[in-house]
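The file work_21.tsv comes next; it holds TSV, C-alpha atoms.
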chain	number	residue	atom	x	y	z
A	24	MET	CA	-52.95	31.03	-79.32
A	25	ALA	CA	-53.90	34.49	-80.48
A	26	GLY	CA	-55.24	34.50	-84.02
A	27	LEU	CA	-53.17	35.96	-86.84
A	28	ILE	CA	-56.27	37.51	-88.39
A	29	SER	CA	-58.06	40.43	-86.72
A	30	PRO	CA	-61.66	39.84	-85.53
A	31	THR	CA	-62.90	42.29	-88.19
A	32	ASP	CA	-61.13	40.44	-90.97
A	33	GLN	CA	-62.33	37.13	-89.59
A	34	ASP	CA	-65.91	38.38	-89.93
A	35	LYS	CA	-65.27	39.49	-93.52
A	36	LEU	CA	-63.76	36.14	-94.40
A	37	ARG	CA	-66.63	34.28	-92.72
A	38	ASP	CA	-69.06	36.23	-94.89
A	39	ALA	CA	-67.04	35.52	-98.03
A	40	PHE	CA	-66.72	31.81	-97.22
A	41	ALA	CA	-70.50	31.57	-96.71
A	42	GLU	CA	-70.61	31.41	-100.55
A	43	ILE	CA	-68.77	28.09	-100.56
A	44	THR	CA	-71.01	25.28	-101.77
A	45	ARG	CA	-68.63	22.33	-101.73
A	46	ARG	CA	-65.93	21.15	-99.37
A	47	VAL	CA	-62.43	22.48	-100.01
A	48	HIS	CA	-59.42	20.45	-98.95
A	49	LEU	CA	-56.11	22.26	-98.62
A	50	LEU	CA	-53.37	19.65	-98.92
A	51	PHE	CA	-50.59	21.03	-96.80
A	52	PHE	CA	-47.24	19.45	-97.72
A	53	THR	CA	-44.73	19.75	-94.92
A	54	GLN	CA	-41.77	18.13	-93.22
A	55	THR	CA	-40.53	18.26	-89.64
A	56	LEU	CA	-36.84	18.85	-90.22
A	57	ASP	CA	-35.02	21.32	-92.45
A	58	CYS	CA	-38.02	23.49	-93.15
A	59	GLU	CA	-37.72	26.89	-91.55
A	60	THR	CA	-41.07	28.20	-92.71
A	61	CYS	CA	-43.29	25.10	-92.52
A	62	LEU	CA	-44.55	25.84	-89.02
A	63	GLN	CA	-45.37	29.46	-89.83
A	64	ALA	CA	-47.15	28.41	-93.01
A	65	ARG	CA	-49.17	25.82	-91.08
A	66	GLN	CA	-50.23	28.46	-88.55
A	67	ILE	CA	-51.55	30.64	-91.35
A	68	VAL	CA	-53.37	27.80	-93.10
A	69	ASP	CA	-54.89	26.74	-89.78
A	70	GLU	CA	-56.63	30.13	-89.56
A	71	LEU	CA	-59.05	29.10	-92.32
A	72	PRO	CA	-61.01	26.05	-91.09
A	73	PRO	CA	-62.46	27.88	-88.05
A	74	LEU	CA	-64.00	30.37	-90.50
A	75	SER	CA	-65.96	27.79	-92.51
A	76	ASP	CA	-66.91	24.18	-91.91
A	77	GLN	CA	-66.40	23.66	-95.65
A	78	ILE	CA	-62.63	24.19	-95.38
A	79	VAL	CA	-60.41	21.31	-94.31
A	80	VAL	CA	-56.62	21.14	-93.99
A	81	ASP	CA	-55.08	17.73	-94.78
A	82	GLU	CA	-51.44	17.43	-93.78
A	83	VAL	CA	-49.22	15.50	-96.17
A	84	ASN	CA	-45.77	14.38	-95.09
A	85	PHE	CA	-43.41	15.49	-97.87
A	86	VAL	CA	-40.81	12.87	-96.93
A	87	LEU	CA	-43.06	9.85	-96.35
A	88	ASP	CA	-46.06	10.29	-98.62
A	89	LYS	CA	-44.31	9.94	-101.97
A	90	ASP	CA	-47.49	9.02	-103.85
A	91	LYS	CA	-49.23	12.29	-103.02
A	92	VAL	CA	-46.05	14.28	-103.56
A	93	ARG	CA	-45.80	12.80	-107.05
A	94	GLN	CA	-49.52	13.06	-107.78
A	95	PHE	CA	-49.58	16.77	-107.03
A	96	GLY	CA	-46.14	17.52	-108.46
A	97	ILE	CA	-44.75	19.06	-105.29
A	98	ASP	CA	-40.97	19.48	-105.22
A	99	ARG	CA	-40.49	21.67	-102.15
A	100	VAL	CA	-42.14	22.65	-98.88
A	101	PRO	CA	-44.11	24.29	-97.47
A	102	ALA	CA	-46.60	23.81	-100.29
A	103	ILE	CA	-50.36	23.78	-100.61
A	104	ALA	CA	-52.44	22.02	-103.26
A	105	VAL	CA	-56.02	23.27	-103.44
A	106	THR	CA	-58.61	20.54	-104.01
A	107	PHE	CA	-62.35	20.14	-103.58
A	108	GLU	CA	-64.96	17.41	-103.24
A	109	ASP	CA	-67.28	17.02	-106.23
A	110	ALA	CA	-70.95	16.05	-105.96
A	111	GLU	CA	-69.97	12.37	-105.66
A	112	GLY	CA	-67.50	13.12	-102.90
A	113	ALA	CA	-64.48	12.47	-105.12
A	114	GLN	CA	-61.43	14.66	-104.70
A	115	GLN	CA	-60.85	17.05	-107.60
A	116	ASP	CA	-57.61	18.96	-108.14
A	117	THR	CA	-57.87	22.67	-108.97
A	118	ARG	CA	-54.26	22.57	-110.20
A	119	ILE	CA	-53.65	25.62	-108.02
A	120	ARG	CA	-50.53	25.39	-105.87
A	121	PHE	CA	-48.90	27.66	-103.34
A	122	LEU	CA	-45.18	27.31	-102.74
A	123	GLY	CA	-43.93	29.00	-99.59
A	124	THR	CA	-45.72	30.74	-96.74
A	125	PRO	CA	-49.06	32.24	-97.82
A	126	ALA	CA	-48.62	35.51	-95.92
A	127	GLY	CA	-49.53	39.04	-96.95
A	128	TYR	CA	-50.81	39.27	-100.53
A	129	GLU	CA	-50.38	35.55	-100.88
A	130	PHE	CA	-52.94	35.04	-98.14
A	131	MET	CA	-55.52	36.95	-100.17
A	132	SER	CA	-54.63	34.81	-103.18
A	133	LEU	CA	-55.18	31.72	-101.05
A	134	VAL	CA	-58.59	33.03	-99.97
A	135	GLN	CA	-59.51	33.59	-103.64
A	136	ALA	CA	-58.33	30.07	-104.50
A	137	VAL	CA	-60.49	28.64	-101.70
A	138	LEU	CA	-63.52	30.56	-102.98
A	139	VAL	CA	-63.10	29.41	-106.57
A	140	ALA	CA	-62.44	25.81	-105.44
A	141	GLY	CA	-65.52	26.08	-103.26
A	142	GLY	CA	-67.72	26.72	-106.26
A	143	ARG	CA	-67.80	30.46	-106.73
A	144	PRO	CA	-68.24	31.18	-110.45
A	145	SER	CA	-65.12	32.30	-112.30
A	146	LEU	CA	-64.54	36.05	-112.46
A	147	LEU	CA	-62.86	35.72	-115.86
A	148	SER	CA	-64.48	37.22	-118.95
A	149	PRO	CA	-66.31	35.00	-121.48
A	150	ALA	CA	-63.54	35.73	-123.99
A	151	THR	CA	-60.88	34.51	-121.55
A	152	LEU	CA	-62.87	31.38	-120.71
A	153	ALA	CA	-63.23	30.61	-124.44
A	154	ARG	CA	-59.48	31.08	-124.93
A	155	LEU	CA	-58.73	28.80	-121.96
A	156	ALA	CA	-61.10	26.12	-123.24
A	157	ALA	CA	-59.04	26.00	-126.44
A	158	VAL	CA	-55.75	25.26	-124.66
A	159	ASP	CA	-54.79	21.78	-125.83
A	160	GLN	CA	-51.38	21.23	-124.25
A	161	PRO	CA	-50.00	21.39	-120.71
A	162	VAL	CA	-49.25	24.87	-119.43
A	163	SER	CA	-47.32	25.58	-116.26
A	164	MET	CA	-47.72	29.09	-114.87
A	165	GLN	CA	-45.48	30.25	-112.06
A	166	VAL	CA	-46.42	33.56	-110.47
A	167	PHE	CA	-43.67	34.96	-108.26
A	168	THR	CA	-44.71	37.25	-105.45
A	169	THR	CA	-43.47	38.57	-102.13
A	170	PRO	CA	-45.48	39.01	-98.92
A	171	THR	CA	-45.52	42.83	-99.16
B	27	MET	CA	-57.16	30.09	-115.10
B	28	ALA	CA	-56.15	26.67	-113.79
B	29	MET	CA	-59.73	26.09	-112.64
B	30	SER	CA	-60.99	26.87	-116.14
B	31	SER	CA	-58.61	24.67	-118.14
B	32	PRO	CA	-57.60	21.11	-117.27
B	33	GLN	CA	-54.31	21.76	-119.06
B	34	ILE	CA	-53.18	24.59	-116.79
B	35	THR	CA	-51.36	24.27	-113.50
B	36	ALA	CA	-50.76	27.49	-111.56
B	37	TYR	CA	-48.10	27.97	-108.93
B	38	ALA	CA	-47.98	30.97	-106.60
B	39	VAL	CA	-44.36	31.09	-105.54
B	40	GLU	CA	-43.08	33.06	-102.59
B	41	ALA	CA	-39.92	34.46	-104.15
B	42	THR	CA	-37.98	35.38	-101.01
B	43	GLU	CA	-38.44	31.91	-99.57
B	44	PHE	CA	-37.05	30.13	-102.62
B	45	PRO	CA	-34.11	32.20	-103.86
B	46	ASP	CA	-33.02	29.34	-106.11
B	47	LEU	CA	-36.23	29.67	-108.13
B	48	ALA	CA	-36.08	33.46	-108.08
B	49	ARG	CA	-32.53	33.26	-109.46
B	50	ARG	CA	-33.33	30.62	-112.05
B	51	TYR	CA	-36.18	32.69	-113.45
B	52	ARG	CA	-34.41	36.04	-112.99
B	53	VAL	CA	-37.09	37.48	-110.75
B	54	THR	CA	-36.10	41.11	-110.21
B	55	GLY	CA	-39.58	42.43	-109.45
B	56	VAL	CA	-42.99	41.07	-108.53
B	57	PRO	CA	-45.43	39.96	-109.63
B	58	LYS	CA	-43.58	38.06	-112.32
B	59	THR	CA	-45.20	35.25	-114.26
B	60	VAL	CA	-43.22	32.55	-116.04
B	61	VAL	CA	-45.13	30.31	-118.43
B	62	ASN	CA	-43.68	26.95	-119.45
B	63	ASP	CA	-40.21	28.18	-118.48
B	64	SER	CA	-40.19	30.48	-121.51
B	65	VAL	CA	-42.75	33.31	-121.61
B	66	GLU	CA	-42.16	36.01	-119.01
B	67	ILE	CA	-44.66	38.64	-117.87
B	68	LEU	CA	-43.49	41.32	-115.51
B	69	GLY	CA	-46.05	43.27	-113.50
B	70	ALA	CA	-49.82	43.14	-113.44
B	71	LEU	CA	-51.65	43.51	-116.76
B	72	PRO	CA	-55.32	43.83	-117.71
B	73	GLU	CA	-56.92	40.41	-117.98
B	74	ASP	CA	-57.11	40.20	-121.79
B	75	ALA	CA	-53.49	41.31	-122.26
B	76	TYR	CA	-52.29	38.98	-119.53
B	77	VAL	CA	-54.06	35.95	-120.98
B	78	GLU	CA	-52.87	36.77	-124.49
B	79	GLN	CA	-49.24	37.00	-123.38
B	80	ALA	CA	-49.41	34.02	-121.06
B	81	LEU	CA	-50.81	31.79	-123.78
B	82	SER	CA	-48.85	33.31	-126.67
B	83	GLY	CA	-46.64	30.25	-126.97
B	84	VAL	CA	-49.56	27.83	-126.68
B	85	GLY	CA	-51.60	26.83	-129.74
B	86	LYS	CA	-55.24	27.75	-129.92
For the structure just supplied, provide its representation as structure tokens.
Amino acid sequence: MAGLISPTDQDKLRDAFAEITRRVHLLFFTQTLDCETCLQARQIVDELPPLSDQIVVDEVNFVLDKDKVRQFGIDRVPAIAVTFEDAEGAQQDTRIRFLGTPAGYEFMSLVQAVLVAGGRPSLLSPATLARLAAVDQPVSMQVFTTPT
Amino acid sequence: MAMSSPQITAYAVEATEFPDLARRYRVTGVPKTVVNDSVEILGALPEDAYVEQALSGVGK
């Protein structure tokens, strides 16, 4: 199958992913029936592992794997939960989720999420990091976007 | 932000794919951020202003 990403962009992404220092697992929540965009989303997500041996896609069946669906708070598909392996090999949740097909701008957001999960230092300012460290109650942030 | 605070969960939502969510949160333009179903931020802001608004309803 022809790749969705141009050879030039593949090279750029390969360079960017060379920074990754720990294994990133993209939990891809999907279902076979009644999901018009699951296949397309899977094709996009599948573009990433060939660009870095530190990126893995783990498929999760939204209908059957209720434990994972609950654990990661997924209520619709396609969805991606971004996780990584810590130094002990334990799975850590970034609490970053993608709902819907990660195409267009969303794809770049997914790339950024992979980089930060993979150990790239935060790009946020020290003031922001201090403010975030002081957050003492659950915060749910939904960022709505479109592919273009 | 989610990576830097264990309290924060961030969802990137594809609005055209989930019109029910777009309707529920009155998404008329993107990007639109909704925090804890109450605070709304329309458009892209500088980092400090964005963080201040996003966390305005959350105690320091």
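For the pair atom CA of B:Ala75 and atom CA of A:Leu138, the separation is 24.2 Å.
Residues surrounding stretch 96-108 of chain A within 6 Å are Arg46, Val47, His48, Leu49, Leu50, Phe51, Phe52, Thr53, Cys61, Val92, Arg93, Gln94, Gly112, Ala113, Gln114, Gln115, Asp116, Thr117, Ile119, Arg120, Phe121, Leu122, Gly123 and Ala140 of chain A [all atoms listed in the file; sequence separation below 2 positions excluded].
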Which chain A residues have any atom within 10 Å of an atom of chain B, and for each, what is the nearest pair of atoms with distance in Å to one decimal, counting all atoms listed in the file, rows sorted by chain and number, as a Markdown table?
| residue | atom | partner | partner_atom | distance |
| --- | --- | --- | --- | --- |
| A:Glu59 | CA | B:Glu43 | CA | 9.5 |
| A:Thr60 | CA | B:Glu43 | CA | 8.2 |
| A:Gly96 | CA | B:Thr35 | CA | 9.9 |
| A:Arg99 | CA | B:Phe44 | CA | 9.1 |
| A:Val100 | CA | B:Phe44 | CA | 9.8 |
| A:Pro101 | CA | B:Glu43 | CA | 9.7 |
| A:Ala102 | CA | B:Val39 | CA | 9.3 |
| A:Ile103 | CA | B:Tyr37 | CA | 9.6 |
| A:Ala104 | CA | B:Tyr37 | CA | 9.3 |
| A:Asp116 | CA | B:Met29 | CA | 8.7 |
| A:Thr117 | CA | B:Met29 | CA | 5.4 |
| A:Arg118 | CA | B:Thr35 | CA | 4.7 |
| A:Ile119 | CA | B:Ala36 | CA | 4.9 |
| A:Arg120 | CA | B:Tyr37 | CA | 4.7 |
| A:Phe121 | CA | B:Ala38 | CA | 4.7 |
| A:Leu122 | CA | B:Val39 | CA | 4.8 |
| A:Gly123 | CA | B:Glu40 | CA | 5.1 |
| A:Thr124 | CA | B:Glu40 | CA | 6.8 |
| A:Pro125 | CA | B:Glu40 | CA | 7.7 |
| A:Ala126 | CA | B:Glu40 | CA | 9.0 |
| A:Glu129 | CA | B:Ala38 | CA | 7.7 |
| A:Ser132 | CA | B:Ala38 | CA | 8.4 |
| A:Leu133 | CA | B:Ala38 | CA | 9.1 |
| A:Ala136 | CA | B:Met29 | CA | 9.2 |
| A:Val139 | CA | B:Met29 | CA | 7.7 |
| A:Ala140 | CA | B:Met29 | CA | 7.7 |
| A:Ser145 | CA | B:Ser30 | CA | 7.8 |
| A:Leu146 | CA | B:Met27 | CA | 9.8 |
| A:Leu147 | CA | B:Glu73 | CA | 7.9 |
| A:Ser148 | CA | B:Glu73 | CA | 8.3 |
| A:Ala150 | CA | B:Asp74 | CA | 8.1 |
| A:Thr151 | CA | B:Asp74 | CA | 6.8 |
| A:Leu152 | CA | B:Ser30 | CA | 6.7 |
| A:Ala153 | CA | B:Ser30 | CA | 9.4 |
| A:Arg154 | CA | B:Lys86 | CA | 7.3 |
| A:Leu155 | CA | B:Ser31 | CA | 5.6 |
| A:Ala156 | CA | B:Ser31 | CA | 5.9 |
| A:Ala157 | CA | B:Lys86 | CA | 5.4 |
| A:Val158 | CA | B:Lys86 | CA | 5.8 |
| A:Asp159 | CA | B:Gln33 | CA | 6.8 |
| A:Gln160 | CA | B:Gln33 | CA | 6.0 |
| A:Pro161 | CA | B:Gln33 | CA | 4.6 |
| A:Val162 | CA | B:Ile34 | CA | 4.7 |
| A:Ser163 | CA | B:Asn62 | CA | 5.0 |
| A:Met164 | CA | B:Val61 | CA | 4.6 |
| A:Gln165 | CA | B:Tyr37 | CA | 4.7 |
| A:Val166 | CA | B:Thr59 | CA | 4.3 |
| A:Phe167 | CA | B:Val39 | CA | 4.8 |
| A:Thr168 | CA | B:Pro57 | CA | 5.0 |
| A:Thr169 | CA | B:Glu40 | CA | 5.5 |
| A:Pro170 | CA | B:Glu40 | CA | 7.4 |
| A:Thr171 | CA | B:Val56 | CA | 9.9 |
Taking all atoms of stretch 35-51 of chain B that the file lists and extending 4 Å past them on each side, where is the centre of the axis-aligned box and how long are its edges? Answer in Å to one decimal, as lines of an AutoDock Vina configuration file.
center_x = -41.9
center_y = 29.8
center_z = -106.5
size_x = 26.8
size_y = 19.1
size_z = 21.9
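Of note, atom CA of A:Cys58 and atom CA of A:Phe85 are spaced 10.7 Å apart.
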